>>> print(open('start-v5.pdb').read())   # PDB, C-alpha atoms and all ligand atoms
ATOM      1  CA  MET L   1     -12.696 -18.771   5.292
ATOM      2  CA  LEU L   2     -10.365 -16.572   3.301
ATOM      3  CA  VAL L   3      -8.278 -13.823   4.890
ATOM      4  CA  TYR L   4      -7.706 -10.963   2.449
ATOM      5  CA  GLY L   5      -5.460  -7.904   2.539
ATOM      6  CA  MET L   6      -2.801  -7.554   5.208
ATOM      7  CA  GLY L   7      -3.619 -10.404   7.547
ATOM      8  CA  GLU L   8      -2.268  -9.438  10.964
ATOM      9  CA  LYS L   9      -5.511  -8.206  12.558
ATOM     10  CA  PRO L  10      -7.856 -10.865  11.090
ATOM     11  CA  LEU L  11      -5.457 -13.670  12.052
ATOM     12  CA  ALA L  12      -5.222 -12.401  15.627
ATOM     13  CA  ALA L  13      -9.032 -12.108  15.816
ATOM     14  CA  ILE L  14      -9.508 -15.651  14.475
ATOM     15  CA  ALA L  15      -6.924 -17.033  16.905
ATOM     16  CA  ASN L  16      -8.629 -15.298  19.837
ATOM     17  CA  LYS L  17     -12.044 -16.695  18.891
ATOM     18  CA  LEU L  18     -10.657 -20.218  18.475
ATOM     19  CA  LYS L  19      -8.935 -19.879  21.831
ATOM     20  CA  ALA L  20     -12.281 -18.910  23.355
ATOM     21  CA  GLY L  21     -13.691 -22.229  22.098
ATOM     22  CA  ILE L  22     -15.698 -20.889  19.140
ATOM     23  CA  GLU L  23     -15.843 -23.266  16.152
ATOM     24  CA  LEU L  24     -14.295 -21.996  12.908
ATOM     25  CA  SER L  25     -17.614 -22.638  11.129
ATOM     26  CA  GLU L  26     -19.301 -20.205  13.554
ATOM     27  CA  ILE L  27     -16.899 -17.339  12.827
ATOM     28  CA  LYS L  28     -18.468 -15.223  10.116
ATOM     29  CA  ASP L  29     -17.967 -11.576  10.993
ATOM     30  CA  ILE L  30     -14.259 -10.793  11.257
ATOM     31  CA  PRO L  31     -13.193  -7.734   9.217
ATOM     32  CA  GLY L  32     -10.703  -8.717   6.533
ATOM     33  CA  THR L  33     -12.249 -12.140   5.909
ATOM     34  CA  VAL L  34     -14.544 -13.723   3.354
ATOM     35  CA  VAL L  35     -16.722 -16.673   4.355
ATOM     36  CA  GLY L  36     -18.900 -19.079   2.432
ATOM     37  CA  LEU L  37     -22.545 -19.315   3.486
ATOM     38  CA  GLY L  38     -24.499 -22.501   2.759
ATOM     39  CA  LYS L  39     -28.216 -22.996   2.169
ATOM     40  CA  ASN L  40     -28.826 -23.481   5.902
ATOM     41  CA  ASP L  41     -27.137 -20.168   6.683
ATOM     42  CA  MET L  42     -29.241 -18.426   4.053
ATOM     43  CA  ASP L  43     -32.453 -20.023   5.387
ATOM     44  CA  SER L  44     -31.574 -19.130   9.000
ATOM     45  CA  GLY L  45     -32.763 -15.541   8.589
ATOM     46  CA  LEU L  46     -29.433 -14.243   9.914
ATOM     47  CA  TYR L  47     -28.285 -12.970   6.537
ATOM     48  CA  ASP L  48     -30.990 -10.629   5.357
ATOM     49  CA  LYS L  49     -30.150  -9.166   1.935
ATOM     50  CA  SER L  50     -30.982  -5.681   3.163
ATOM     51  CA  ASP L  51     -28.161  -5.812   5.727
ATOM     52  CA  PHE L  52     -25.512  -6.045   3.014
ATOM     53  CA  PHE L  53     -24.498  -4.477  -0.243
ATOM     54  CA  ASN L  54     -25.474  -7.086  -2.826
ATOM     55  CA  LEU L  55     -23.127  -7.768  -5.735
ATOM     56  CA  PRO L  56     -24.342  -9.385  -8.982
ATOM     57  CA  SER L  57     -24.517 -13.141  -8.449
ATOM     58  CA  PHE L  58     -21.668 -15.495  -9.279
ATOM     59  CA  GLU L  59     -23.844 -17.086 -11.987
ATOM     60  CA  ASP L  60     -24.338 -13.644 -13.620
ATOM     61  CA  VAL L  61     -20.704 -12.639 -13.623
ATOM     62  CA  LYS L  62     -19.568 -16.063 -14.769
ATOM     63  CA  THR L  63     -21.476 -15.793 -18.012
ATOM     64  CA  SER L  64     -21.396 -12.073 -18.785
ATOM     65  CA  LYS L  65     -18.322  -9.872 -19.162
ATOM     66  CA  ARG L  66     -20.524  -6.833 -18.710
ATOM     67  CA  SER L  67     -21.836  -8.158 -15.424
ATOM     68  CA  PHE L  68     -18.293  -8.916 -14.339
ATOM     69  CA  SER L  69     -17.291  -5.308 -15.102
ATOM     70  CA  VAL L  70     -20.309  -3.933 -13.243
ATOM     71  CA  MET L  71     -19.460  -6.161 -10.270
ATOM     72  CA  THR L  72     -15.863  -4.909 -10.257
ATOM     73  CA  LYS L  73     -16.997  -1.272 -10.281
ATOM     74  CA  LEU L  74     -19.541  -1.869  -7.504
ATOM     75  CA  PHE L  75     -16.986  -3.793  -5.495
ATOM     76  CA  HIS L  76     -14.596  -0.832  -5.582
ATOM     77  CA  GLU L  77     -17.343   1.659  -4.735
ATOM     78  CA  HIS L  78     -18.627  -0.339  -1.756
ATOM     79  CA  PHE L  79     -15.388  -1.819  -0.572
ATOM     80  CA  SER L  80     -15.817  -0.481   2.947
ATOM     81  CA  SER L  81     -19.230  -2.190   3.378
ATOM     82  CA  ARG L  82     -20.135  -5.778   4.094
ATOM     83  CA  MET L  83     -21.049  -7.357   0.763
ATOM     84  CA  LEU L  84     -22.955 -10.457  -0.250
ATOM     85  CA  GLN L  85     -22.690 -12.351  -3.507
ATOM     86  CA  ARG L  86     -25.214 -15.099  -4.160
ATOM     87  CA  CYS L  87     -23.823 -18.339  -5.506
ATOM     88  CA  GLY L  88     -26.171 -21.289  -6.099
ATOM     89  CA  ASN L  89     -28.194 -21.864  -2.923
ATOM     90  CA  GLY L  90     -25.632 -20.107  -0.798
ATOM     91  CA  ALA L  91     -23.534 -16.950  -0.902
ATOM     92  CA  ILE L  92     -20.134 -15.464  -0.287
ATOM     93  CA  LEU L  93     -20.041 -12.945   2.559
ATOM     94  CA  ILE L  94     -17.273 -10.351   2.176
ATOM     95  CA  ASN L  95     -16.675  -8.624   5.482
ATOM     96  CA  GLN L  96     -15.423  -5.032   5.537
ATOM     97  CA  PRO L  97     -11.629  -4.580   5.401
ATOM     98  CA  ALA L  98      -9.584  -4.927   8.577
ATOM     99  CA  ALA L  99      -8.763  -1.631  10.287
ATOM    100  CA  PRO L 100      -5.428  -0.114   9.267
ATOM    101  CA  LEU L 101      -2.510  -0.592  11.647
ATOM    102  CA  THR L 102      -1.605   2.236  14.000
ATOM    103  CA  GLN L 103       2.003   3.434  13.975
ATOM    104  CA  CYS L 104       2.724   1.395  17.135
ATOM    105  CA  GLU L 105       1.304  -1.705  15.468
ATOM    106  CA  MET L 106       3.279  -1.054  12.281
ATOM    107  CA  ASP L 107       6.465  -0.735  14.345
ATOM    108  CA  ALA L 108       5.708  -3.954  16.228
ATOM    109  CA  VAL L 109       5.004  -5.936  13.041
ATOM    110  CA  TYR L 110       8.148  -4.805  11.219
ATOM    111  CA  GLU L 111      10.310  -5.343  14.293
ATOM    112  CA  LEU L 112       9.386  -8.992  14.746
ATOM    113  CA  PRO L 113      12.505 -11.176  14.904
ATOM    114  CA  PHE L 114      12.870 -11.777  11.174
ATOM    115  CA  VAL L 115      16.116 -13.506  10.137
ATOM    116  CA  TYR L 116      16.542 -11.440   6.930
ATOM    117  CA  ALA L 117      17.647 -14.458   4.928
ATOM    118  CA  PRO L 118      16.010 -16.723   2.338
ATOM    119  CA  HIS L 119      14.647 -20.070   3.450
ATOM    120  CA  PRO L 120      17.607 -22.413   3.971
ATOM    121  CA  GLY L 121      15.952 -24.919   1.622
ATOM    122  CA  TYR L 122      17.057 -22.795  -1.361
ATOM    123  CA  ARG L 123      20.448 -23.799  -2.754
ATOM    124  CA  GLU L 124      20.693 -21.571  -5.832
ATOM    125  CA  LYS L 125      20.819 -17.772  -6.022
ATOM    126  CA  ILE L 126      17.374 -16.137  -5.818
ATOM    127  CA  PRO L 127      17.132 -13.061  -8.124
ATOM    128  CA  ALA L 128      14.151 -11.619  -6.230
ATOM    129  CA  TRP L 129      16.052 -11.863  -2.939
ATOM    130  CA  GLU L 130      18.979  -9.914  -4.396
ATOM    131  CA  LEU L 131      16.522  -7.126  -5.207
ATOM    132  CA  VAL L 132      14.971  -6.840  -1.757
ATOM    133  CA  LYS L 133      17.667  -7.940   0.682
ATOM    134  CA  ASP L 134      18.884  -4.417   1.450
ATOM    135  CA  SER L 135      15.511  -2.663   1.255
ATOM    136  CA  PHE L 136      13.366  -1.417   4.136
ATOM    137  CA  THR L 137       9.589  -1.224   4.210
ATOM    138  CA  VAL L 138       8.522   1.976   5.941
ATOM    139  CA  VAL L 139       5.004   2.530   4.590
ATOM    140  CA  ARG L 140       1.995   0.549   3.418
ATOM    141  CA  GLY L 141      -1.368   1.412   1.861
ATOM    142  CA  CYS L 142      -2.089   3.694  -1.089
ATOM    143  CA  MET L 143      -4.388   6.681  -1.468
ATOM    144  CA  GLY L 144      -3.860   6.878  -5.244
ATOM    145  CA  GLY L 145      -6.885   4.807  -6.339
ATOM    146  CA  CYS L 146      -5.559   3.992  -9.825
ATOM    147  CA  ASN L 147      -8.031   2.008 -11.867
ATOM    148  CA  PHE L 148      -5.589  -0.714 -12.884
ATOM    149  CA  CYS L 149      -4.103  -1.387  -9.467
ATOM    150  CA  GLY L 150      -5.224  -3.576  -6.568
ATOM    151  CA  LEU L 151      -2.930  -2.087  -3.939
ATOM    152  CA  GLY L 152      -5.546   0.113  -2.302
ATOM    153  CA  ILE L 153      -7.767  -2.943  -1.973
ATOM    154  CA  HIS L 154      -4.940  -5.159  -0.771
ATOM    155  CA  GLN L 155      -3.127  -2.849   1.675
ATOM    156  CA  GLY L 156      -5.898  -0.300   2.247
ATOM    157  CA  LYS L 157      -6.448   3.303   1.188
ATOM    158  CA  ALA L 158      -5.303   4.577   4.586
ATOM    159  CA  VAL L 159      -1.547   5.127   4.471
ATOM    160  CA  GLN L 160       0.255   3.546   7.437
ATOM    161  CA  SER L 161       3.816   4.568   8.279
ATOM    162  CA  ARG L 162       6.462   3.364  10.707
ATOM    163  CA  SER L 163       8.151   5.708  13.130
ATOM    164  CA  HIS L 164      11.692   6.930  12.417
ATOM    165  CA  GLU L 165      12.865   5.245  15.622
ATOM    166  CA  SER L 166      11.543   1.880  14.491
ATOM    167  CA  VAL L 167      13.331   2.112  11.131
ATOM    168  CA  LYS L 168      16.548   3.105  12.897
ATOM    169  CA  ARG L 169      16.309   0.102  15.231
ATOM    170  CA  GLU L 170      15.863  -2.144  12.189
ATOM    171  CA  VAL L 171      18.938  -0.649  10.526
ATOM    172  CA  ILE L 172      20.984  -1.419  13.649
ATOM    173  CA  ARG L 173      19.691  -5.004  13.776
ATOM    174  CA  ARG L 174      20.321  -5.608  10.085
ATOM    175  CA  ALA L 175      23.742  -4.037  10.221
ATOM    176  CA  ALA L 176      24.645  -6.852  12.630
ATOM    177  CA  THR L 177      23.665  -9.579  10.124
ATOM    178  CA  PRO L 178      26.292 -11.205   7.867
ATOM    179  CA  GLY L 179      26.865  -9.496   4.511
ATOM    180  CA  TRP L 180      25.670  -5.989   5.474
ATOM    181  CA  LYS L 181      27.387  -3.593   3.048
ATOM    182  CA  ARG L 182      26.207  -0.288   4.515
ATOM    183  CA  ILE L 183      24.042   0.344   1.460
ATOM    184  CA  ILE L 184      20.271   0.627   1.737
ATOM    185  CA  SER L 185      18.839  -0.070  -1.694
ATOM    186  CA  ASP L 186      15.382   1.237  -0.880
ATOM    187  CA  ILE L 187      13.400   2.944   1.846
ATOM    188  CA  GLY L 188       9.832   2.766   0.725
ATOM    189  CA  GLY L 189       6.639   0.842   0.123
ATOM    190  CA  PRO L 190       3.962   0.995  -2.596
ATOM    191  CA  THR L 191       4.717   4.718  -3.141
ATOM    192  CA  ALA L 192       7.699   6.078  -1.252
ATOM    193  CA  ASN L 193       6.510   9.665  -0.997
ATOM    194  CA  MET L 194       3.232   8.652   0.649
ATOM    195  CA  TYR L 195       5.244   8.018   3.820
ATOM    196  CA  GLY L 196       3.698   9.970   6.689
ATOM    197  CA  LEU L 197       0.622  11.145   4.757
ATOM    198  CA  TYR L 198      -2.908  10.846   6.087
ATOM    199  CA  CYS L 199      -6.508  11.914   5.645
ATOM    200  CA  GLU L 200      -7.227  14.912   7.861
ATOM    201  CA  LYS L 201     -10.831  13.713   8.210
ATOM    202  CA  ASN L 202      -9.661  10.232   9.166
ATOM    203  CA  ALA L 203     -12.089   8.963   6.526
ATOM    204  CA  ALA L 204      -9.836   6.830   4.358
ATOM    205  CA  HIS L 205     -10.647   3.541   6.015
ATOM    206  CA  LEU L 206     -14.427   3.323   6.083
ATOM    207  CA  THR L 207     -16.497   6.385   5.284
ATOM    208  CA  CYS L 208     -14.942   8.114   2.281
ATOM    209  CA  LYS L 209     -16.445   7.130  -1.050
ATOM    210  CA  ARG L 210     -13.838   8.923  -3.188
ATOM    211  CA  ARG L 211     -11.777   6.370  -5.034
ATOM    212  CA  SER L 212      -8.607   8.465  -5.127
ATOM    213  CA  CYS L 213      -7.364  11.145  -2.725
ATOM    214  CA  LEU L 214      -5.207  12.583  -5.541
ATOM    215  CA  ALA L 215      -6.984  12.275  -8.887
ATOM    216  CA  PRO L 216      -8.342  13.998 -10.833
ATOM    217  CA  ASP L 217      -7.400  16.705  -8.264
ATOM    218  CA  PRO L 218      -5.989  16.411  -4.752
ATOM    219  CA  CYS L 219      -8.649  16.239  -2.059
ATOM    220  CA  PRO L 220      -8.405  19.243   0.307
ATOM    221  CA  TYR L 221      -8.361  16.861   3.291
ATOM    222  CA  CYS L 222      -5.315  15.000   2.064
ATOM    223  CA  HIS L 223      -2.295  15.900   4.193
ATOM    224  CA  THR L 224       0.509  16.054   1.645
ATOM    225  CA  ASP L 225       3.459  17.404   3.663
ATOM    226  CA  GLN L 226       6.355  15.066   2.882
ATOM    227  CA  SER L 227       8.754  16.367   5.513
ATOM    228  CA  GLY L 228       8.441  13.012   7.306
ATOM    229  CA  LEU L 229      10.128  11.211   4.409
ATOM    230  CA  ALA L 230      12.712  13.969   3.975
ATOM    231  CA  GLY L 231      13.585  13.715   7.695
ATOM    232  CA  LEU L 232      13.740   9.920   7.557
ATOM    233  CA  ILE L 233      16.149   9.995   4.598
ATOM    234  CA  LYS L 234      18.391  12.412   6.475
ATOM    235  CA  GLU L 235      18.296  10.546   9.807
ATOM    236  CA  ILE L 236      18.958   7.116   8.312
ATOM    237  CA  GLY L 237      21.556   8.472   5.896
ATOM    238  CA  ASP L 238      23.439  10.000   8.856
ATOM    239  CA  MET L 239      23.661   6.719  10.771
ATOM    240  CA  LYS L 240      27.144   5.274  11.167
ATOM    241  CA  GLU L 241      25.852   1.901   9.909
ATOM    242  CA  VAL L 242      24.905   3.457   6.536
ATOM    243  CA  ASN L 243      27.144   4.767   3.727
ATOM    244  CA  HIS L 244      24.501   5.181   1.017
ATOM    245  CA  LEU L 245      20.742   5.244   1.056
ATOM    246  CA  TYR L 246      18.507   5.141  -2.020
ATOM    247  CA  VAL L 247      14.804   5.444  -2.593
ATOM    248  CA  ASN L 248      13.936   3.020  -5.365
ATOM    249  CA  SER L 249      10.236   2.604  -4.617
ATOM    250  CA  GLY L 250       7.968   4.584  -6.926
ATOM    251  CA  ILE L 251       7.621   8.343  -6.529
ATOM    252  CA  ARG L 252       4.290   9.891  -7.368
ATOM    253  CA  MET L 253       5.102  13.044  -9.336
ATOM    254  CA  ASP L 254       1.827  14.875  -8.738
ATOM    255  CA  LEU L 255       2.210  14.260  -5.021
ATOM    256  CA  ALA L 256       5.853  15.366  -5.019
ATOM    257  CA  LEU L 257       4.799  18.609  -6.694
ATOM    258  CA  LEU L 258       2.508  19.353  -3.749
ATOM    259  CA  TRP L 259       5.619  19.465  -1.510
ATOM    260  CA  PRO L 260       8.409  20.123  -4.066
ATOM    261  CA  ALA L 261      11.258  20.142  -1.519
ATOM    262  CA  ILE L 262      11.035  16.338  -1.531
ATOM    263  CA  ILE L 263      12.207  16.360  -5.180
ATOM    264  CA  ASP L 264      15.345  18.254  -4.117
ATOM    265  CA  VAL L 265      15.999  15.806  -1.272
ATOM    266  CA  LEU L 266      15.574  12.775  -3.519
ATOM    267  CA  ALA L 267      17.691  14.196  -6.333
ATOM    268  CA  ALA L 268      20.442  15.402  -4.013
ATOM    269  CA  SER L 269      20.937  12.341  -1.874
ATOM    270  CA  ALA L 270      18.673   9.361  -2.461
ATOM    271  CA  THR L 271      18.678   8.613  -6.179
ATOM    272  CA  GLY L 272      21.171   6.213  -7.657
ATOM    273  CA  GLY L 273      20.830   7.458 -11.240
ATOM    274  CA  GLN L 274      17.335   6.206 -11.939
ATOM    275  CA  MET L 275      14.038   7.113 -10.363
ATOM    276  CA  SER L 276      10.813   5.101 -10.537
ATOM    277  CA  ILE L 277       8.028   7.553 -11.147
ATOM    278  CA  ALA L 278       4.288   7.443 -11.576
ATOM    279  CA  PRO L 279       2.012   8.175 -13.475
ATOM    280  CA  GLU L 280       3.447   5.806 -16.011
ATOM    281  CA  HIS L 281       1.878   7.228 -19.173
ATOM    282  CA  ILE L 282       1.589  10.443 -21.175
ATOM    283  CA  SER L 283      -1.553   9.973 -23.267
ATOM    284  CA  PRO L 284      -4.393  12.078 -21.777
ATOM    285  CA  LYS L 285      -6.969   9.441 -22.670
ATOM    286  CA  VAL L 286      -4.989   6.594 -21.125
ATOM    287  CA  LEU L 287      -4.242   8.676 -18.036
ATOM    288  CA  ARG L 288      -7.948   9.393 -17.629
ATOM    289  CA  LEU L 289      -8.746   5.700 -17.892
ATOM    290  CA  MET L 290      -6.017   4.929 -15.370
ATOM    291  CA  ASN L 291      -7.500   7.569 -13.006
ATOM    292  CA  LYS L 292      -4.259   9.520 -13.005
ATOM    293  CA  PRO L 293      -3.731  13.288 -13.140
ATOM    294  CA  GLU L 294      -2.898  15.095 -16.411
ATOM    295  CA  ASN L 295       0.517  14.685 -18.010
ATOM    296  CA  THR L 296       1.424  18.357 -17.537
ATOM    297  CA  LYS L 297       2.742  17.173 -14.166
ATOM    298  CA  TRP L 298       5.717  15.558 -15.903
ATOM    299  CA  ASP L 299       6.984  18.887 -17.267
ATOM    300  CA  GLU L 300       6.694  20.563 -13.872
ATOM    301  CA  PHE L 301       8.453  17.647 -12.203
ATOM    302  CA  GLU L 302      11.259  17.590 -14.764
ATOM    303  CA  GLU L 303      11.760  21.327 -14.421
ATOM    304  CA  ARG L 304      12.354  20.916 -10.684
ATOM    305  CA  LEU L 305      14.350  17.672 -10.848
ATOM    306  CA  LEU L 306      16.847  18.242 -13.646
ATOM    307  CA  PRO L 307      18.735  21.262 -12.251
ATOM    308  CA  GLN L 308      19.204  19.266  -9.023
ATOM    309  CA  ALA L 309      20.485  16.265 -10.941
ATOM    310  CA  ASP L 310      22.891  18.520 -12.907
ATOM    311  CA  VAL L 311      24.326  19.992  -9.715
ATOM    312  CA  ARG L 312      24.800  16.514  -8.301
ATOM    313  CA  GLU L 313      26.530  15.292 -11.462
ATOM    314  CA  LYS L 314      28.909  18.279 -11.440
ATOM    315  CA  ASN L 315      29.674  17.752  -7.749
ATOM    316  CA  SER L 316      30.528  14.118  -8.334
ATOM    317  CA  PHE L 317      33.533  15.033 -10.584
TER     318      PHE L 317
HETATM  319  S1  LIG G 401     -11.682  12.662   2.524
HETATM  320 FE1  LIG G 401     -10.146  13.123   0.945
HETATM  321  S2  LIG G 401      -8.166  12.631   1.908
HETATM  322 FE2  LIG G 401      -9.787  11.661   3.143
HETATM  323  S3  LIG G 401      -9.949   9.573   2.314
HETATM  324 FE3  LIG G 401     -11.469  10.834   1.242
HETATM  325  S4  LIG G 401     -10.444  11.526  -0.622
HETATM  326 FE4  LIG G 401      -8.854  10.824   0.786
END
>>> encode(input="start-v5.pdb", output="structure tokens")
Amino acid sequence: MLVYGMGEKPLAAIANKLKAGIELSEIKDIPGTVVGLGKNDMDSGLYDKSDFFNLPSFEDVKTSKRSFSVMTKLFHEHFSSRMLQRCGNGAILINQPAAPLTQCEMDAVYELPFVYAPHPGYREKIPAWELVKDSFTVVRGCMGGCNFCGLGIHQGKAVQSRSHESVKREVIRRAATPGWKRIISDIGGPTANMYGLYCEKNAAHLTCKRRSCLAPDPCPYCHTDQSGLAGLIKEIGDMKEVNHLYVNSGIRMDLALLWPAIIDVLAASATGGQMSIAPEHISPKVLRLMNKPENTKWDEFEERLLPQADVREKNSF
């Protein structure tokens, strides 16, 4: 059995079934898992092809790049269904993704008693640790649906955000750990300005077939008010444990333009001189292939951002 995506819910479900005395080999239906089916399973009549979306077989995709591409496209289109891929006499059963975490669950997961330190087995400096040690994860999932990216598959298309209170409690806990310098290097996740967003139809997890909530045009059901992030930046920045707070996770420009006040907030108080922005290209053809909006968004974004950055620069002298 393979657990895919964010594993909290599948792992808890597996543990509960094992605790109830069910053999691992009998557990086949947990969302967020993939299981191998042998010939006996296939002959049992329990896995009728019509009950699943059927992907091209492993033998097909192994020998044909075209088949592999078709499989990838179908996989993305039917990601919320249970899928079957034949392989020899057996098959791989891909269960639907695990349900996204609620805000309470997100808070509980990120407030587990982490020690915020690398494994003591490491003796030398760890460059990756230096990058993340003062950053806070506040959001997971991505509604962008870019063609080159696996994040929506890995973390889910439904955006899941922590509460302000939970992030504040984490700041207080981390401020009590050795080496805290009162600087938060990042408050974010896959895309910082998706914090607090959601699908007004609650369709992101299972029923919606649209790959992206934002491209080529924003879906009317996509709630794009970014006041949640603006408020979080202000509340955390005002804490006595914090001198500076930055947002270094990526900012989606087209999304920021749907609630432009967030650009002012970021430029005025949460940018340390550089901003990570997406889309990451300007060629219309490449953007189309990436499933990103048109590059005119850059000009609009720059027009809003630069005057803010100028004011900030002047104020800093
Ligand atoms: S209905 Fe719209 S906002 Fe909701 S998941 Fe689908 S594309 Fe996204």
>>> residues_near_ligand(input="start-v5.pdb", ligand="ligand LIG 401 (chain G)", cutoff="7 Å", atoms="only C-alpha atoms and all ligand atoms", output="PyMOL selection string")
chain L and resi 143+198-204+208-213+219-222
>>> resolve_selection(input="start-v5.pdb", expression="the PyMOL selection byres (((chain L and resi 174-186) around 6) and not hetatm)", output="list in words")
Asp134, Ser135, Val171, Ile172, Arg173, Ile187, Gly188, Glu241, Val242, Asn243, His244, Leu245, Tyr246, Val247 and Asn248 of chain L
>>> resolve_selection(input="start-v5.pdb", expression="the PyMOL selection byres (((chain L and resi 235) around 12) and not hetatm)", output="PDB file with C-alpha atoms, keeping the file's coordinate frame")
ATOM      1  CA  SER L 163       8.151   5.708  13.130  1.00  0.00           C
ATOM      2  CA  HIS L 164      11.692   6.930  12.417  1.00  0.00           C
ATOM      3  CA  GLU L 165      12.865   5.245  15.622  1.00  0.00           C
ATOM      4  CA  SER L 166      11.543   1.880  14.491  1.00  0.00           C
ATOM      5  CA  VAL L 167      13.331   2.112  11.131  1.00  0.00           C
ATOM      6  CA  LYS L 168      16.548   3.105  12.897  1.00  0.00           C
ATOM      7  CA  ARG L 169      16.309   0.102  15.231  1.00  0.00           C
ATOM      8  CA  VAL L 171      18.938  -0.649  10.526  1.00  0.00           C
ATOM      9  CA  SER L 227       8.754  16.367   5.513  1.00  0.00           C
ATOM     10  CA  GLY L 228       8.441  13.012   7.306  1.00  0.00           C
ATOM     11  CA  LEU L 229      10.128  11.211   4.409  1.00  0.00           C
ATOM     12  CA  ALA L 230      12.712  13.969   3.975  1.00  0.00           C
ATOM     13  CA  GLY L 231      13.585  13.715   7.695  1.00  0.00           C
ATOM     14  CA  LEU L 232      13.740   9.920   7.557  1.00  0.00           C
ATOM     15  CA  ILE L 233      16.149   9.995   4.598  1.00  0.00           C
ATOM     16  CA  LYS L 234      18.391  12.412   6.475  1.00  0.00           C
ATOM     17  CA  ILE L 236      18.958   7.116   8.312  1.00  0.00           C
ATOM     18  CA  GLY L 237      21.556   8.472   5.896  1.00  0.00           C
ATOM     19  CA  ASP L 238      23.439  10.000   8.856  1.00  0.00           C
ATOM     20  CA  MET L 239      23.661   6.719  10.771  1.00  0.00           C
ATOM     21  CA  LYS L 240      27.144   5.274  11.167  1.00  0.00           C
ATOM     22  CA  GLU L 241      25.852   1.901   9.909  1.00  0.00           C
ATOM     23  CA  VAL L 242      24.905   3.457   6.536  1.00  0.00           C
ATOM     24  CA  LEU L 245      20.742   5.244   1.056  1.00  0.00           C
TER      25      LEU L 245
END
>>> resolve_selection(input="start-v5.pdb", expression="the PyMOL selection byres (((chain L and resi 12-29) around 10) and not hetatm)", output="list in words")
Met1, Val3, Gly7, Glu8, Lys9, Pro10, Leu11, Ile30, Pro31, Gly32, Thr33, Val34, Val35, Gly36, Leu37, Arg82, Leu93, Ile94, Asn95 and Gln96 of chain L
>>> residues_around(input="start-v5.pdb", residues="L:Ile251", least_positions_apart="3", cutoff="10 Å", atoms="only C-alpha atoms", output="PyMOL selection string")
chain L and resi 188+190-194+247-248+254-256+263+266+275-279
>>> residues_around(input="start-v5.pdb", residues="L:Gln226", least_positions_apart="6", cutoff="7 Å", atoms="all atoms listed in the file", output="PDB file with C-alpha atoms, in the frame of the given file")
ATOM      1  CA  ASN L 193       6.510   9.665  -0.997  1.00  0.00           C
ATOM      2  CA  GLY L 196       3.698   9.970   6.689  1.00  0.00           C
ATOM      3  CA  TRP L 259       5.619  19.465  -1.510  1.00  0.00           C
ATOM      4  CA  ILE L 262      11.035  16.338  -1.531  1.00  0.00           C
TER       5      ILE L 262
END
>>> atom_distance(input="start-v5.pdb", atom1="atom CA of L:Ser57", atom2="atom CA of L:Arg86")
4.8 Å
>>> atom_distance(input="start-v5.pdb", atom1="atom CA of L:Asp41", atom2="atom CA of L:Asn89")
9.8 Å
>>> closest_residue(input="start-v5.pdb", among="L:Ser161, L:Gln155, L:Ser283, L:Asn54", to="L:Gly141", atoms="all atoms listed in the file")
L:Gln155
>>> axis_aligned_box(input="start-v5.pdb", around="stretch 204-217 of chain L", padding_each_side="3 Å", output="lines of an AutoDock Vina configuration file")
center_x = -10.9
center_y = 10.0
center_z = -2.4
size_x = 17.3
size_y = 19.4
size_z = 22.9
>>> closest_residue(input="start-v5.pdb", among="L:Ser249, L:Asp60, L:Thr296, L:Phe79", to="L:Ala270", atoms="only C-alpha atoms")
L:Ser249
>>> atom_distance(input="start-v5.pdb", atom1="atom CA of L:Lys157", atom2="atom CA of L:Phe301")
24.6 Å
>>> closest_residue(input="start-v5.pdb", among="L:Asp43, L:Leu2, L:Gln274, L:Leu257", to="L:Asp299", atoms="only C-alpha atoms")
L:Leu257
>>> residues_around(input="start-v5.pdb", residues="stretch 100-102 of chain L", least_positions_apart="5", cutoff="8 Å", atoms="only C-alpha atoms", output="MDAnalysis selection string")
chainID L and resid 156 158 160 205
>>> write_last_selection(input="start-v5.pdb", atoms="C-alpha atoms", output="mmCIF file, in the coordinates of the input")
data_model
loop_
_atom_site.group_PDB
_atom_site.id
_atom_site.type_symbol
_atom_site.label_atom_id
_atom_site.label_comp_id
_atom_site.auth_asym_id
_atom_site.auth_seq_id
_atom_site.Cartn_x
_atom_site.Cartn_y
_atom_site.Cartn_z
ATOM 1 C CA GLY L 156 -5.898 -0.300 2.247
ATOM 2 C CA ALA L 158 -5.303 4.577 4.586
ATOM 3 C CA GLN L 160 0.255 3.546 7.437
ATOM 4 C CA HIS L 205 -10.647 3.541 6.015
#
>>> closest_residue(input="start-v5.pdb", among="L:Leu151, L:Met42, L:Cys87, L:Leu55", to="L:Leu74", atoms="all atoms listed in the file")
L:Leu55
>>> build_atoms(input="start-v5.pdb", residues="stretch 145-149 of chain L", atoms="N, CA and C atoms", output="compact mmCIF listing (two decimals), in the frame of the given file")
# COMPACT_ATOMS: atom_id res chain seq x y z
N GLY L 145 -5.65 5.28 -5.69
CA GLY L 145 -6.88 4.81 -6.34
C GLY L 145 -6.79 4.67 -7.85
N CYS L 146 -5.67 4.19 -8.37
CA CYS L 146 -5.56 3.99 -9.82
C CYS L 146 -6.47 2.83 -10.25
N ASN L 147 -7.04 2.99 -11.44
CA ASN L 147 -8.03 2.01 -11.87
C ASN L 147 -7.46 0.64 -12.17
N PHE L 148 -6.16 0.57 -12.47
CA PHE L 148 -5.59 -0.71 -12.88
C PHE L 148 -4.94 -1.46 -11.72
N CYS L 149 -4.95 -0.88 -10.54
CA CYS L 149 -4.10 -1.39 -9.47
C CYS L 149 -4.94 -1.90 -8.29
